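Colleague: Structure supplied as data.txt; contents: compact mmCIF, C-alpha atoms.
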# COMPACT_ATOMS: atom_id res chain seq x y z
CA MET V 11 84.52 74.38 71.46
CA THR V 12 85.30 70.75 72.07
CA VAL V 13 86.18 70.55 75.73
CA ASP V 14 86.48 67.72 78.19
CA ARG V 15 84.64 67.58 81.47
CA GLU V 16 87.57 68.84 83.50
CA THR V 17 87.96 71.93 81.32
CA VAL V 18 84.27 72.68 81.68
CA ARG V 19 84.53 72.38 85.46
CA LEU V 20 87.51 74.72 85.58
CA GLN V 21 85.72 77.23 83.33
CA GLU V 22 82.77 77.09 85.70
CA ASP V 23 85.12 77.73 88.64
CA VAL V 24 86.50 80.79 86.87
CA LEU V 25 82.98 82.06 86.11
CA ALA V 26 81.86 81.44 89.71
CA LYS V 27 84.84 83.37 91.06
CA SER V 28 84.13 86.20 88.62
CA ARG V 29 80.49 86.30 89.71
CA GLY V 30 81.56 86.68 93.34
CA ILE V 31 83.74 89.67 92.48
CA ALA V 32 80.87 91.13 90.43
CA GLU V 33 78.59 90.96 93.50
CA ARG V 34 81.27 92.72 95.54
CA ASN V 35 81.41 95.49 92.91
CA ARG V 36 77.61 95.70 93.03
CA GLY V 37 77.65 96.18 96.80
CA TRP V 38 80.25 98.91 96.40
CA PHE V 39 78.02 100.74 93.90
CA VAL V 40 75.02 100.45 96.25
CA ALA V 41 77.03 101.83 99.15
CA ARG V 42 78.05 104.84 97.06
CA ASN V 43 74.62 105.50 95.49
CA MET V 44 76.07 104.95 92.06
CA LEU V 45 74.49 103.83 88.80
CA ALA V 46 76.82 101.56 86.80
CA LEU V 47 76.06 100.80 83.14
CA ASN V 48 77.92 98.26 80.99
CA LEU V 49 77.94 99.36 77.33
CA VAL V 50 78.30 96.45 74.91
CA SER V 51 78.32 96.31 71.11
CA SER V 52 80.16 95.22 67.98
CA PRO V 53 83.37 97.03 67.22
CA GLY V 54 82.56 100.39 65.65
CA ALA V 55 78.91 100.62 66.72
CA GLY V 56 79.66 104.04 68.19
CA LYS V 57 80.06 103.45 71.94
CA THR V 58 82.82 106.02 72.39
CA THR V 59 81.10 108.72 70.34
CA LEU V 60 77.92 108.03 72.33
CA LEU V 61 79.87 108.40 75.57
CA GLU V 62 81.52 111.63 74.44
CA ARG V 63 78.13 113.21 73.80
CA THR V 64 76.58 111.70 76.93
CA VAL V 65 79.31 113.22 79.10
CA ALA V 66 78.67 116.60 77.47
CA ASP V 67 74.88 116.25 77.85
CA LEU V 68 75.09 115.33 81.55
CA ALA V 69 77.60 118.07 82.38
CA GLY V 70 76.48 120.09 85.40
CA THR V 71 73.74 117.62 86.34
CA ILE V 72 75.13 114.17 87.27
CA PRO V 73 78.86 113.45 87.83
CA ILE V 74 80.02 110.80 85.37
CA SER V 75 83.13 108.61 85.27
CA VAL V 76 84.20 106.15 82.61
CA ILE V 77 86.06 102.82 82.46
CA GLU V 78 87.28 102.03 78.95
CA GLY V 79 87.92 98.45 77.88
CA ASP V 80 89.92 97.61 74.76
CA GLN V 81 92.30 94.92 73.67
CA HIS V 82 94.87 97.55 72.78
CA THR V 83 95.43 101.33 72.53
CA LEU V 84 94.53 104.22 74.80
CA ASN V 85 92.57 105.92 72.00
CA ASP V 86 89.16 105.76 73.67
CA ALA V 87 90.43 106.93 77.06
CA MET V 88 92.10 109.90 75.39
CA ARG V 89 88.84 110.78 73.63
CA ILE V 90 86.90 110.61 76.91
CA ARG V 91 89.58 112.53 78.81
CA ALA V 92 89.17 115.36 76.30
CA THR V 93 85.55 115.70 77.45
CA GLY V 94 86.71 116.34 81.01
CA ALA V 95 85.31 113.13 82.54
CA PRO V 96 87.57 111.02 84.80
CA VAL V 97 88.53 107.86 82.91
CA VAL V 98 90.62 104.73 83.36
CA GLN V 99 91.62 102.54 80.42
CA ILE V 100 91.83 98.76 80.81
CA ASN V 101 93.76 96.96 78.09
CA THR V 102 92.63 93.35 78.06
CA GLY V 103 95.39 92.09 75.74
CA ALA V 104 94.25 88.74 74.38
CA ALA V 105 91.01 88.71 76.42
CA CYS V 106 87.86 89.47 74.46
CA HIS V 107 85.78 90.95 77.29
CA LEU V 108 86.05 92.78 80.61
CA GLU V 109 85.81 90.82 83.85
CA ALA V 110 84.71 91.90 87.29
CA ASP V 111 88.20 91.87 88.79
CA MET V 112 89.50 94.21 86.06
CA VAL V 113 86.65 96.61 86.90
CA ALA V 114 87.41 96.33 90.63
CA ARG V 115 91.03 97.32 90.02
CA ALA V 116 89.99 100.17 87.72
CA LEU V 117 87.54 101.44 90.40
CA ALA V 118 90.37 101.60 92.93
CA GLU V 119 92.30 103.80 90.53
CA LEU V 120 89.34 105.85 89.29
CA ALA V 121 87.84 106.53 92.75
CA PRO V 122 84.51 107.79 91.34
CA PRO V 123 82.54 110.13 93.62
CA GLN V 124 79.46 109.21 95.65
CA ASP V 125 76.14 109.89 93.87
CA SER V 126 77.50 109.51 90.36
CA VAL V 127 77.17 107.50 87.19
CA LEU V 128 79.81 105.02 86.02
CA MET V 129 79.89 104.09 82.34
CA ILE V 130 81.85 100.95 81.51
CA GLU V 131 82.65 100.67 77.80
CA ASN V 132 83.29 96.98 77.21
CA VAL V 133 85.51 95.49 74.49
CA GLY V 134 83.77 95.65 71.09
CA ASN V 135 82.34 92.13 70.92
CA LEU V 136 78.70 91.08 70.66
CA VAL V 137 79.39 87.58 71.98
CA CYS V 138 81.63 87.04 75.00
CA PRO V 139 80.81 90.08 77.20
CA ALA V 140 77.24 88.72 77.49
CA LEU V 141 78.56 86.00 79.81
CA PHE V 142 80.33 88.26 82.30
CA ASP V 143 78.61 90.16 85.07
CA LEU V 144 80.74 93.13 86.12
CA GLY V 145 78.43 94.18 88.96
CA GLU V 146 76.63 96.71 86.75
CA HIS V 147 72.96 97.63 87.16
CA ALA V 148 72.30 97.06 83.48
CA LYS V 149 73.91 96.14 80.22
CA VAL V 150 73.08 98.52 77.37
CA VAL V 151 73.54 96.95 73.94
CA ILE V 152 74.23 99.31 71.05
CA ILE V 153 73.30 98.18 67.55
CA SER V 154 74.28 100.39 64.64
CA VAL V 155 71.90 100.64 61.67
CA THR V 156 74.84 99.84 59.38
CA GLU V 157 75.12 96.35 60.93
CA GLY V 158 71.78 95.07 59.69
CA ASP V 159 68.43 94.54 61.40
CA ASP V 160 69.05 90.81 61.93
CA LYS V 161 71.68 91.27 64.64
CA PRO V 162 69.34 90.69 67.64
CA ALA V 163 68.41 87.26 66.20
CA LYS V 164 72.02 86.36 65.47
CA TYR V 165 73.45 87.48 68.82
CA PRO V 166 70.56 86.59 71.13
CA HIS V 167 72.60 86.08 74.30
CA MET V 168 73.63 89.73 74.36
CA VAL V 169 70.11 90.99 73.72
CA ALA V 170 68.75 88.66 76.41
CA ALA V 171 71.33 89.99 78.88
CA SER V 172 70.56 93.67 78.18
CA LYS V 173 68.00 96.00 79.71
CA LEU V 174 68.16 98.58 76.93
CA MET V 175 68.95 98.42 73.22
CA LEU V 176 70.18 101.65 71.66
CA ILE V 177 69.74 101.70 67.88
CA ASN V 178 72.54 104.06 66.91
CA LYS V 179 73.59 105.95 63.75
CA ILE V 180 69.97 106.61 62.73
CA ASP V 181 71.30 109.53 60.67
CA LEU V 182 72.51 106.84 58.22
CA LEU V 183 69.06 105.21 57.82
CA PRO V 184 68.47 106.84 54.39
CA HIS V 185 71.67 105.22 53.07
CA VAL V 186 71.32 101.63 54.34
CA ASP V 187 68.82 98.79 54.23
CA PHE V 188 67.73 98.59 57.86
CA ASP V 189 64.18 97.96 59.05
CA VAL V 190 63.89 99.52 62.52
CA SER V 191 60.59 97.73 63.32
CA ALA V 192 62.00 94.36 62.27
CA CYS V 193 65.09 94.93 64.44
CA ILE V 194 62.95 95.77 67.49
CA GLU V 195 60.63 92.81 66.85
CA ARG V 196 63.61 90.43 66.68
CA ALA V 197 65.03 91.86 69.90
CA ARG V 198 61.69 91.39 71.70
CA GLN V 199 61.43 87.79 70.49
CA VAL V 200 64.60 87.15 72.50
CA ASN V 201 63.91 89.57 75.35
CA PRO V 202 60.26 90.73 75.56
CA ASP V 203 61.11 93.29 78.25
CA ILE V 204 63.99 95.04 76.51
CA GLU V 205 63.62 98.79 76.22
CA VAL V 206 64.59 100.44 72.94
CA LEU V 207 65.74 103.93 72.04
CA GLN V 208 66.77 105.25 68.63
CA VAL V 209 69.67 107.68 68.62
CA SER V 210 72.36 109.30 66.56
CA ALA V 211 75.34 110.02 68.74
CA ARG V 212 76.75 111.98 65.82
CA THR V 213 73.86 114.40 65.19
CA GLY V 214 72.34 114.28 68.69
CA GLU V 215 68.94 113.02 67.51
CA GLY V 216 67.21 111.00 70.24
CA MET V 217 69.94 111.68 72.78
CA GLY V 218 67.52 113.51 75.09
CA ALA V 219 65.56 110.30 75.67
CA TRP V 220 68.80 108.44 76.44
CA ARG V 221 69.82 111.16 78.92
CA ASP V 222 66.39 110.85 80.59
CA TRP V 223 66.78 107.06 80.75
CA ILE V 224 70.11 107.49 82.56
CA ALA V 225 68.59 110.05 84.93
CA ARG V 226 65.75 107.64 85.82
CA GLY V 227 68.25 104.81 86.38
CA TYR V 228 70.39 107.09 88.52
CA LYS V 229 67.37 107.99 90.67
CA ALA V 230 66.38 104.32 90.99
CA ALA V 231 69.95 103.31 91.87
CA SER V 232 70.04 105.86 94.67
CA GLU V 233 66.98 104.13 96.16
CA PHE V 234 68.58 100.65 96.01
CA SER V 235 69.61 98.92 99.17
CA LEU V 236 71.60 95.76 99.77
CA VAL V 237 68.52 93.68 100.61
CA MET O 30 90.80 86.62 82.40
CA THR O 31 92.17 85.61 85.76
CA VAL O 32 93.11 81.97 85.40
CA ASP O 33 95.25 79.60 87.38
CA ARG O 34 98.10 77.61 85.90
CA GLU O 35 96.04 74.45 85.50
CA THR O 36 93.37 76.28 83.50
CA VAL O 37 96.00 77.78 81.24
CA ARG O 38 97.51 74.34 80.63
CA LEU O 39 94.13 72.87 79.76
CA GLN O 40 93.38 75.78 77.42
CA GLU O 41 96.71 75.13 75.72
CA ASP O 42 95.79 71.46 75.38
CA VAL O 43 92.50 72.41 73.73
CA LEU O 44 94.29 74.82 71.36
CA ALA O 45 96.93 72.20 70.51
CA LYS O 46 94.25 69.63 69.72
CA SER O 47 92.42 72.19 67.57
CA ARG O 48 95.63 73.02 65.70
CA GLY O 49 96.10 69.33 64.88
CA ILE O 50 92.62 69.11 63.39
CA ALA O 51 93.30 72.33 61.44
CA GLU O 52 96.39 70.73 59.88
CA ARG O 53 94.31 67.70 58.92
CA ASN O 54 91.79 70.00 57.22
CA ARG O 55 94.68 71.75 55.44
CA GLY O 56 95.96 68.43 54.07
CA TRP O 57 92.46 67.61 52.88
CA PHE O 58 92.27 70.92 50.98
CA VAL O 59 95.70 70.30 49.40
CA ALA O 60 94.66 66.81 48.29
CA ARG O 61 91.58 68.25 46.60
CA ASN O 62 93.25 71.29 45.00
CA MET O 63 90.97 73.58 46.96
CA LEU O 64 91.41 77.16 48.12
CA ALA O 65 89.89 77.72 51.57
CA LEU O 66 89.34 81.27 52.86
CA ASN O 67 88.25 82.20 56.39
CA LEU O 68 86.21 85.44 56.37
CA VAL O 69 86.34 87.29 59.68
CA SER O 70 84.83 90.62 60.77
CA SER O 71 82.66 92.42 63.29
CA PRO O 72 78.97 91.59 63.23
CA GLY O 73 77.35 93.46 60.36
CA ALA O 74 80.49 94.31 58.38
CA GLY O 75 78.85 92.75 55.34
CA LYS O 76 80.37 89.26 55.06
CA THR O 77 77.18 87.60 53.82
CA THR O 78 76.37 90.29 51.28
CA LEU O 79 79.97 90.06 50.06
CA LEU O 80 79.60 86.30 49.72
CA GLU O 81 76.30 86.58 47.86
CA ARG O 82 77.89 88.81 45.25
CA THR O 83 81.11 86.77 45.12
CA VAL O 84 79.16 83.60 44.37
CA ALA O 85 77.35 85.42 41.56
CA ASP O 86 80.59 86.91 40.21
CA LEU O 87 82.40 83.54 40.16
CA ALA O 88 79.47 81.67 38.60
CA GLY O 89 80.58 79.63 35.62
CA THR O 90 84.30 80.08 36.38
CA ILE O 91 85.27 78.48 39.74
CA PRO O 92 82.97 76.19 41.74
CA ILE O 93 82.35 77.70 45.19
CA SER O 94 80.96 76.23 48.41
CA VAL O 95 80.23 77.97 51.68
CA ILE O 96 80.35 77.12 55.38
CA GLU O 97 78.36 79.59 57.47
CA GLY O 98 79.15 80.11 61.15
CA ASP O 99 76.73 81.86 63.48
CA GLN O 100 75.77 81.60 67.11
CA HIS O 101 72.13 81.21 66.10
CA THR O 102 69.78 81.26 63.10
CA LEU O 103 69.97 79.79 59.62
CA ASN O 104 69.54 83.24 58.03
CA ASP O 105 72.92 83.42 56.34
CA ALA O 106 72.77 79.88 54.98
CA MET O 107 69.37 80.61 53.49
CA ARG O 108 70.72 83.74 51.83
CA ILE O 109 73.65 81.80 50.34
CA ARG O 110 71.43 78.90 49.29
CA ALA O 111 69.35 81.37 47.29
CA THR O 112 72.45 82.12 45.20
CA GLY O 113 72.69 78.46 44.23
CA ALA O 114 75.97 77.71 46.05
CA PRO O 115 76.16 74.58 48.25
CA VAL O 116 76.17 75.68 51.89
CA VAL O 117 76.26 74.18 55.38
CA GLN O 118 75.36 76.23 58.45
CA ILE O 119 77.18 75.68 61.74
CA ASN O 120 75.43 77.09 64.82
CA THR O 121 78.06 77.55 67.50
CA GLY O 122 75.59 78.22 70.34
CA ALA O 123 77.52 79.86 73.15
CA ALA O 124 80.87 79.64 71.32
CA CYS O 125 82.12 82.88 69.85
CA HIS O 126 84.17 81.45 66.97
CA LEU O 127 84.46 78.47 64.64
CA GLU O 128 86.92 75.68 65.44
CA ALA O 129 88.66 73.24 63.14
CA ASP O 130 86.59 70.23 64.24
CA MET O 131 83.34 72.07 63.41
CA VAL O 132 84.71 72.77 59.94
CA ALA O 133 85.79 69.13 59.54
CA ARG O 134 82.26 67.94 60.33
CA ALA O 135 80.76 70.53 57.98
CA LEU O 136 83.13 69.40 55.20
CA ALA O 137 81.90 65.83 55.56
CA GLU O 138 78.36 67.07 55.05
CA LEU O 139 79.15 69.64 52.36
CA ALA O 140 81.39 67.34 50.26
CA PRO O 141 82.78 70.19 48.14
CA PRO O 142 84.11 69.24 44.70
CA GLN O 143 87.78 68.92 43.74
CA ASP O 144 89.27 72.09 42.21
CA SER O 145 86.96 74.49 43.99
CA VAL O 146 86.90 77.38 46.44
CA LEU O 147 85.57 77.07 49.99
CA MET O 148 84.46 80.22 51.77
CA ILE O 149 84.13 79.94 55.53
CA GLU O 150 82.11 82.76 57.06
CA ASN O 151 83.17 82.91 60.69
CA VAL O 152 81.07 84.16 63.61
CA GLY O 153 80.92 87.98 63.62
CA ASN O 154 83.66 88.72 66.16
CA LEU O 155 86.87 90.68 65.64
CA VAL O 156 88.58 89.08 68.63
CA CYS O 157 88.35 85.35 69.25
CA PRO O 158 88.41 83.90 65.71
CA ALA O 159 91.95 85.33 65.34
CA LEU O 160 93.20 82.58 67.68
CA PHE O 161 91.75 79.62 65.80
CA ASP O 162 93.31 78.08 62.72
CA LEU O 163 90.65 76.21 60.73
CA GLY O 164 93.10 74.86 58.15
CA GLU O 165 92.36 77.73 55.75
CA HIS O 166 94.90 79.16 53.32
CA ALA O 167 94.21 82.69 54.49
CA LYS O 168 92.07 84.75 56.79
CA VAL O 169 90.38 87.71 55.09
CA VAL O 170 89.38 90.44 57.53
CA ILE O 171 86.53 92.71 56.49
CA ILE O 172 86.35 96.20 57.99
CA SER O 173 83.34 98.34 57.20
CA VAL O 174 83.84 102.08 56.77
CA THR O 175 81.01 102.64 59.26
CA GLU O 176 83.10 101.06 62.03
CA GLY O 177 85.81 103.73 62.10
CA ASP O 178 89.35 103.83 60.73
CA ASP O 179 90.89 102.98 64.13
CA LYS O 180 89.76 99.35 64.11
CA PRO O 181 93.06 97.82 62.90
CA ALA O 182 94.86 99.42 65.88
CA LYS O 183 92.20 98.30 68.34
CA TYR O 184 91.93 94.71 67.10
CA PRO O 185 95.54 94.06 66.10
CA HIS O 186 95.49 90.28 66.56
CA MET O 187 92.96 89.83 63.78
CA VAL O 188 94.82 92.12 61.39
CA ALA O 189 98.11 90.36 62.19
CA ALA O 190 96.47 86.99 61.45
CA SER O 191 95.00 88.08 58.09
CA LYS O 192 96.49 88.04 54.60
CA LEU O 193 93.97 90.46 53.11
CA MET O 194 91.92 93.33 54.52
CA LEU O 195 88.77 94.21 52.61
CA ILE O 196 87.54 97.72 53.37
CA ASN O 197 83.82 97.29 52.70
CA LYS O 198 80.81 99.60 52.29
CA ILE O 199 82.88 102.25 50.48
CA ASP O 200 79.59 103.51 48.98
CA LEU O 201 78.96 105.00 52.46
CA LEU O 202 82.25 106.96 52.58
CA PRO O 203 80.52 110.30 51.78
CA HIS O 204 78.28 109.85 54.84
CA VAL O 205 80.79 108.81 57.52
CA ASP O 206 84.06 110.05 59.00
CA PHE O 207 86.48 107.38 57.81
CA ASP O 208 90.02 108.03 56.59
CA VAL O 209 90.93 105.18 54.22
CA SER O 210 94.66 106.01 54.22
CA ALA O 211 94.77 106.15 58.01
CA CYS O 212 93.00 102.79 58.22
CA ILE O 213 95.51 101.18 55.85
CA GLU O 214 98.45 102.77 57.64
CA ARG O 215 97.23 101.40 61.00
CA ALA O 216 96.77 97.94 59.50
CA ARG O 217 100.32 97.97 58.08
CA GLN O 218 101.75 99.05 61.44
CA VAL O 219 100.44 95.75 62.79
CA ASN O 220 100.97 93.65 59.66
CA PRO O 221 103.32 95.25 57.08
CA ASP O 222 102.53 92.56 54.51
CA ILE O 223 98.72 92.75 54.62
CA GLU O 224 97.10 93.29 51.25
CA VAL O 225 94.20 95.73 51.04
CA LEU O 226 91.25 96.06 48.68
CA GLN O 227 88.42 98.59 48.84
CA VAL O 228 85.00 97.28 47.90
CA SER O 229 81.28 97.84 48.11
CA ALA O 230 79.53 94.49 48.17
CA ARG O 231 76.29 96.43 47.76
CA THR O 232 77.11 98.45 44.64
CA GLY O 233 79.77 96.11 43.24
CA GLU O 234 82.52 98.75 43.23
CA GLY O 235 85.95 97.14 43.56
CA MET O 236 84.55 93.61 43.44
CA GLY O 237 86.49 92.78 40.27
CA ALA O 238 89.79 93.14 42.12
CA TRP O 239 88.50 90.86 44.88
CA ARG O 240 87.43 88.27 42.30
CA ASP O 241 90.91 88.45 40.74
CA TRP O 242 92.50 88.02 44.16
CA ILE O 243 90.46 84.84 44.70
CA ALA O 244 91.38 83.56 41.24
CA ARG O 245 95.10 84.09 41.95
CA GLY O 246 94.77 82.31 45.31
CA TYR O 247 92.89 79.46 43.65
CA LYS O 248 95.66 79.07 41.08
CA ALA O 249 98.35 79.17 43.80
CA ALA O 250 96.43 76.65 45.92
CA SER O 251 96.30 74.22 43.01
CA GLU O 252 100.10 74.35 42.91
CA PHE O 253 100.49 73.59 46.64
CA SER O 254 101.83 70.29 47.76
CA LEU O 255 102.07 68.73 51.19
CA VAL O 256 105.80 69.42 51.53
Go ahead and express the file in the form of structure tokens.

Modeller:
Amino acid sequence: MTVDRETVRLQEDVLAKSRGIAERNRGWFVARNMLALNLVSSPGAGKTTLLERTVADLAGTIPISVIEGDQHTLNDAMRIRATGAPVVQINTGAACHLEADMVARALAELAPPQDSVLMIENVGNLVCPALFDLGEHAKVVIISVTEGDDKPAKYPHMVAASKLMLINKIDLLPHVDFDVSACIERARQVNPDIEVLQVSARTGEGMGAWRDWIARGYKAASEFSLV
Amino acid sequence: MTVDRETVRLQEDVLAKSRGIAERNRGWFVARNMLALNLVSSPGAGKTTLLERTVADLAGTIPISVIEGDQHTLNDAMRIRATGAPVVQINTGAACHLEADMVARALAELAPPQDSVLMIENVGNLVCPALFDLGEHAKVVIISVTEGDDKPAKYPHMVAASKLMLINKIDLLPHVDFDVSACIERARQVNPDIEVLQVSARTGEGMGAWRDWIARGYKAASEFSLV
């Protein structure tokens, strides 16, 4: 984008303000012993299906609430509501990502319980959400095997910003050209510390390891303090 | 995005400047009897594979050149170069879409011939590229059947901005839950005039109709005039 210096300064002001609100959200999560995860991916990588199954898998163990971000429609919120989890939908309109103040407003409405997990499903976009801290403990990037194993190299900012990469739709591996090792290697070239799990939200394969990852994060979050 | 009035005004200034450059590109295409198409989709919907096969299918009939947009890597340009088509790669860095001035600079380098087709592969992003006119004759949005049939409802701006929707990867239909009719119906709720073709860039199914669509557009473009 060709921008003049003044535009850049104003964009930086907006980002700085957003970062402040993100820190406030983070403090709120700490005070309530909550784990907050920010799920990011391309459109159609399977975030909502993953969430549906995750809610079912965690039922009776850890309370879970969901914030759904989409440009338009309430479809995803309705799908999550059907699982029984509390959910608030944010429609971002023209905006291509969630921002911390949207999450703050959704939290006021959602009122998630103490000692719980919050899943934030971001707008389907592998680019812009990488720039915006929502106050979450970790971004989880979901790559579907139908997208191609080069995606971590082509969208490096998102991989660099994420703590975990979920390789989803592994039930489709026999039908597509996707090299799992190459995908992981490309991700680690950008982010050597990124953790990787292979799952199929549709068949349930690998979902136990994802549930355990959440449980570990939840335990760690409950031990966080402000300083 | 929470923005103050001054930021909004500056963003409008940037968009207005970009629109001016897009019109200049459009005049350039008219003067050279060229058809310019802007291919937009999620990451991994199959734009590059589609282009590889399109270049092969058009060989010996219509000259074709390609501008590749990606945040990072030269992967796509190298794939297109292997087909023999002239190609220039634009790396947008942090930007999540191509803009008209980037295309203008790439055109200077690419120097496509008179009476030819230019394919612009945008950054994989179903949101932001909808806002930016590059001077193209038409946006072509590619939806892969692995992404889900709800995508036109969830990303309405892109569908509204596009002349043609290619439903790609139809070879995977037996393995996914994707209702082709529902997808088309949702697209037409947003854009009643959108044309739709079903293709598999991998197997070649439906690619003849896409080639014919390009040939018709190429003929129409050669009949355009400035006024």

Colleague: Residues of chain V were defined as contacting chain O if any atom lay at most 9 Å from it, counting all atoms listed in the file; please report them as an MDAnalysis selection string.

Modeller: chainID V and resid 11:14 16:17 20:21 24 28 52:56 80:83 85 102 104:109 111:112 134:138 154 156:158 160:161 163:167 182 185:186

Colleague: Would you list the contacts of segment 225-232 of chain V as a list in words, taking every protein, DNA or RNA residue within 7 Å and counting all atoms listed in the file, but skipping same-chain residues closer than 4 positions in sequence?

Modeller: Asn43, Met44, Leu45, Val127 and Arg221 of chain V

Colleague: Quick one, how far is atom CA of Gln218 of chain O from atom CA of Met148 of chain O?

Modeller: 27.3 Å

Colleague: Can you pull out the residues contacting Val206 of chain V? Cut-off 10 Å, using only C-alpha atoms, and skip same-chain residues under 6 positions away; I want them as an MDAnalysis selection string.

Modeller: chainID V and resid 150:152 173:177 194 197:198 220

Colleague: For atom CA of Phe188 of chain V and atom CA of Leu47 of chain V, determine how far apart the two atoms are, in Å to one decimal place.

Modeller: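 Computed distance, atom CA of Phe188 of chain V to atom CA of Leu47 of chain V, equals 26.7 Å.
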
Colleague: With all atoms listed in the file as the counted atoms, please give the residues lying no more than 10 Å from Glu215 of chain V, apart from itself and same-chain residues fewer than 5 positions off, as a list in words.

Modeller: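 What passes the distance filter is Asn178, Lys179, Ile180, Asp181, Gln208, Val209 and Ser210 of chain V.
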
Colleague: I'd like to know which of O:Trp242, O:Gly164, O:Ala137, O:Ala189 is closest to Gly56 of chain O, using all atoms listed in the file.

Modeller: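 Of O:Trp242, O:Gly164, O:Ala137, O:Ala189, the one nearest Gly56 of chain O, counting all atoms listed in the file, is O:Gly164.
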
Colleague: Taking all atoms listed in the file into account, which of V:Ser191, V:Met168, V:Glu146, V:Gly218 comes nearest Ile31 of chain V?

Modeller: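 Going through V:Ser191, V:Met168, V:Glu146, V:Gly218 one by one, the smallest distance to Ile31 of chain V is for V:Glu146.
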
Colleague: So how far away is atom CA of Ile77 of chain V from atom CA of Gln99 of chain V, in Å?

Modeller: 5.9 Å

Colleague: Restricting the calculation to all atoms listed in the file, which member of O:Ala45, O:Leu136, O:Ala190, O:Ile109 is positioned closest to Asp222 of chain O?

Modeller: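 For Asp222 of chain O, the nearest of the candidates is O:Ala190.
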